[in-house]
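Contents: one structure, followed by commentary.
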Amino acid sequence: MGPWPAEPELFLYDESLLADGDRRNVVDKYRYWRHEAIVHDLDAQRHDFHVAVENWGHDFNIGSVIRTANAFNAKAFHIVGKRRWNRRGAMVTDRYQHEYHHPSIEALVDWATAAPAGGEAHGIPIIGIDNLPGSQPIETYDLPRHCILLFGQEGPGLSPQAREASVAILDIAQFGSTRSINAGAAAAIAMHAWVRRHVFDQPL
């Protein structure tokens with residue numbers, strides 16, 4: 001245990017964690033920080049994409065998607081359908097993010113249409129991720145800076161309503177025998193594609 005932090009740094013730290021140790025799943029930078037201080041710091045540097053997941057059947061994969069959204073510091077995550085979702089896979093990372101609930105795809109569309117993007121209230125496009133007939137390869141699609149990446153349930157994928165709401169549906173290149181990859185893995189690939197495009201500014 002190192003020396004007790006001095007003012008003005010002390011406001012960042014949780015005295016109980018300093019005294020008893022910090023066993024949370026956080027990077028070293030945030031070790032011993034108060035929960036509110038971590039969220040405040042993340043808010044100052046969040047990326048401009050949102051993540052939305054359809055939740056019609058209490059899919060366990062939702063937690064994995066949310067954990068990945070935290071790793072890439074998404075602006076927020078959205079649960080469409082049932083309000084309750086299986087949080088075990090998120091490993092408490094949802095506490096550091098902003099969560100929105102929408103009872104239907106139509107409600108998500110209404111939110112996205114009214115949401116500001118880039119300082120102007122002109123809406124945020126919804127990008128569906130699914131390997132459907134007519135979908136476009138994510139590897140060559142120019143993902144917009146402001147967008148909502150929408151994922152369907154494991155198995156059925158995007159609902160018909162979600163497909164209709166999406167300005168584009170993107171697929172992930174596959175080369176094996178399986179029809180699809182795990183929803184959590186697909187979400188990680190899609191988010192990383194956004195990061196490569198807008199954080200590292202890699203050309204298509």
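Residue numbering restarts at 1 for every chain of the structure tokens, chains are lettered A, B, ... in their displayed order, and ligands are numbered from 1 as they appear.
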
Pick out the residues sitting within 10 Å of segment 123-130 of chain A, and hand them over as a ChimeraX atom specification; count only C-alpha atoms, and ignore anything fewer than 4 positions along from it in its own chain.
/A:48-52,108-118,135-138,143-152,156-158,162-172,180-181,183,186-187,190

Find the residues around Thr68 of chain A up to 10 Å (only C-alpha atoms counted), leave out those fewer than 2 positions away in its own chain, and share them as a PyMOL selection string.
chain A and resi 51+62-66+70-74+90+93+184-185+187-189+191-192

How about saving the chosen residues, N, CA and C atoms kept, as a compact mmCIF listing (two decimals), in the first residue's frame?
```txt
# COMPACT_ATOMS: atom_id res chain seq x y z
N VAL A 51 -24.47 1.58 -28.63
CA VAL A 51 -24.70 0.16 -28.84
C VAL A 51 -26.13 -0.15 -28.40
N ILE A 62 -26.17 -10.57 -24.03
CA ILE A 62 -26.28 -9.12 -23.85
C ILE A 62 -25.20 -8.62 -22.90
N GLY A 63 -24.97 -9.34 -21.82
CA GLY A 63 -23.95 -8.93 -20.86
C GLY A 63 -22.58 -8.83 -21.50
N SER A 64 -22.27 -9.77 -22.38
CA SER A 64 -20.99 -9.75 -23.08
C SER A 64 -20.88 -8.55 -24.00
N VAL A 65 -21.97 -8.21 -24.68
CA VAL A 65 -21.98 -7.04 -25.56
C VAL A 65 -21.75 -5.77 -24.74
N ILE A 66 -22.40 -5.68 -23.60
CA ILE A 66 -22.28 -4.48 -22.76
C ILE A 66 -20.87 -4.36 -22.20
N ASN A 70 -18.24 -1.21 -22.84
CA ASN A 70 -17.46 -0.52 -21.83
C ASN A 70 -15.99 -0.47 -22.23
N ALA A 71 -15.47 -1.59 -22.73
CA ALA A 71 -14.06 -1.65 -23.11
C ALA A 71 -13.73 -0.63 -24.20
N PHE A 72 -14.68 -0.38 -25.11
CA PHE A 72 -14.45 0.58 -26.19
C PHE A 72 -15.03 1.96 -25.86
N ASN A 73 -15.54 2.11 -24.64
CA ASN A 73 -16.05 3.39 -24.13
C ASN A 73 -17.12 3.99 -25.03
N ALA A 74 -18.14 3.19 -25.31
CA ALA A 74 -19.27 3.65 -26.11
C ALA A 74 -20.00 4.79 -25.39
N ALA A 90 -21.93 -9.01 -18.00
CA ALA A 90 -21.38 -7.66 -18.03
C ALA A 90 -20.31 -7.46 -16.97
N THR A 93 -19.63 -4.00 -15.44
CA THR A 93 -19.19 -2.88 -16.28
C THR A 93 -20.34 -1.94 -16.64
N GLY A 184 -21.91 -11.89 -29.10
CA GLY A 184 -20.93 -11.10 -28.36
C GLY A 184 -19.68 -10.86 -29.17
N ALA A 185 -19.22 -11.89 -29.91
CA ALA A 185 -18.04 -11.74 -30.75
C ALA A 185 -18.31 -10.79 -31.91
N ALA A 187 -20.39 -8.32 -31.95
CA ALA A 187 -20.44 -6.95 -31.42
C ALA A 187 -19.03 -6.41 -31.22
N ALA A 188 -18.13 -7.23 -30.70
CA ALA A 188 -16.75 -6.79 -30.48
C ALA A 188 -16.09 -6.41 -31.80
N ILE A 189 -16.30 -7.21 -32.84
CA ILE A 189 -15.71 -6.92 -34.15
C ILE A 189 -16.26 -5.61 -34.70
N MET A 191 -17.61 -3.02 -33.06
CA MET A 191 -17.13 -1.87 -32.31
C MET A 191 -15.67 -1.56 -32.64
N HIS A 192 -14.88 -2.62 -32.80
CA HIS A 192 -13.48 -2.40 -33.14
C HIS A 192 -13.35 -1.80 -34.54
```

Atom CA of Glu15 of chain A to atom CA of Arg95 of chain A measures 19.5 Å

Restricting the calculation to only C-alpha atoms: of A:Glu139, A:Asp20, A:Ser104, A:Phe77, which residue gets closest to Trp194 of chain A?
A:Glu139

Point-to-point distance in Å for atom CA of Arg31 of chain A and atom CA of Leu12 of chain A
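Separation of atom CA of Leu12 of chain A and atom CA of Arg31 of chain A: 10.1 Å.
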
Write out as JSON, numbers by chain all residues of segment 26-170 of chain A that DSSP puts in strand (DSSP E or B) for this structure's backbone.
{"A": [33, 49, 50, 51, 52, 53, 54, 55, 77, 78, 79, 80, 81, 99, 100, 101, 102, 117, 120, 126, 127, 128, 129, 136, 137, 147, 148, 149, 150, 151, 153, 157, 168, 169, 170]}

Next, write the just-selected residues to a file, as a tab-separated table (two decimals), in the first residue's frame, keeping C-alpha atoms as the atom set.
```tsv
chain	number	residue	atom	x	y	z
A	33	TRP	CA	-11.16	5.91	-7.57
A	49	PHE	CA	-21.13	5.45	-31.19
A	50	HIS	CA	-23.97	3.86	-29.24
A	51	VAL	CA	-24.70	0.16	-28.84
A	52	ALA	CA	-28.24	-1.23	-28.92
A	53	VAL	CA	-29.34	-4.82	-28.29
A	54	GLU	CA	-32.72	-6.38	-28.88
A	55	ASN	CA	-33.86	-8.18	-25.72
A	77	PHE	CA	-25.95	1.30	-24.46
A	78	HIS	CA	-29.61	0.72	-25.26
A	79	ILE	CA	-31.80	-2.24	-24.39
A	80	VAL	CA	-34.75	-2.72	-26.74
A	81	GLY	CA	-37.65	-4.88	-25.56
A	99	GLU	CA	-28.20	2.83	-20.05
A	100	TYR	CA	-31.38	3.57	-21.98
A	101	HIS	CA	-34.43	1.34	-22.26
A	102	HIS	CA	-36.80	1.36	-25.23
A	117	ALA	CA	-25.23	14.29	-33.26
A	120	GLU	CA	-26.80	19.42	-34.04
A	126	ILE	CA	-29.05	3.07	-36.86
A	127	ILE	CA	-26.67	0.52	-38.34
A	128	GLY	CA	-27.82	-3.09	-38.08
A	129	ILE	CA	-25.24	-5.87	-37.73
A	136	GLN	CA	-22.92	-5.05	-46.89
A	137	PRO	CA	-19.45	-6.01	-45.64
A	147	CYS	CA	-24.24	6.00	-35.11
A	148	ILE	CA	-26.09	3.32	-33.18
A	149	LEU	CA	-24.78	-0.20	-33.76
A	150	LEU	CA	-27.83	-2.45	-33.39
A	151	PHE	CA	-27.51	-6.16	-32.61
A	153	GLN	CA	-30.63	-11.81	-30.34
A	157	GLY	CA	-30.70	-12.11	-35.26
A	168	ALA	CA	-27.68	-0.12	-43.52
A	169	ILE	CA	-27.18	-3.74	-42.47
A	170	LEU	CA	-23.60	-4.89	-42.25
```

May I have all residues of segment 12-133 of chain A that DSSP, computed from the backbone, assigns to helix (DSSP H, G or I), given as a ChimeraX atom specification?
/A:12,15-20,28-30,35-43,61-71,88-90,93-96,105-114

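Nearest residue to Thr140 of chain A among A:Gln202, A:Ser159, A:Thr178, A:Gln97 is A:Gln202, counting only C-alpha atoms.
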
Å distance separating atom CA of Leu17 of chain A from atom CA of Gln45 of chain A, one decimal place:
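Going from atom CA of Leu17 of chain A over to atom CA of Gln45 of chain A covers 24.6 Å.
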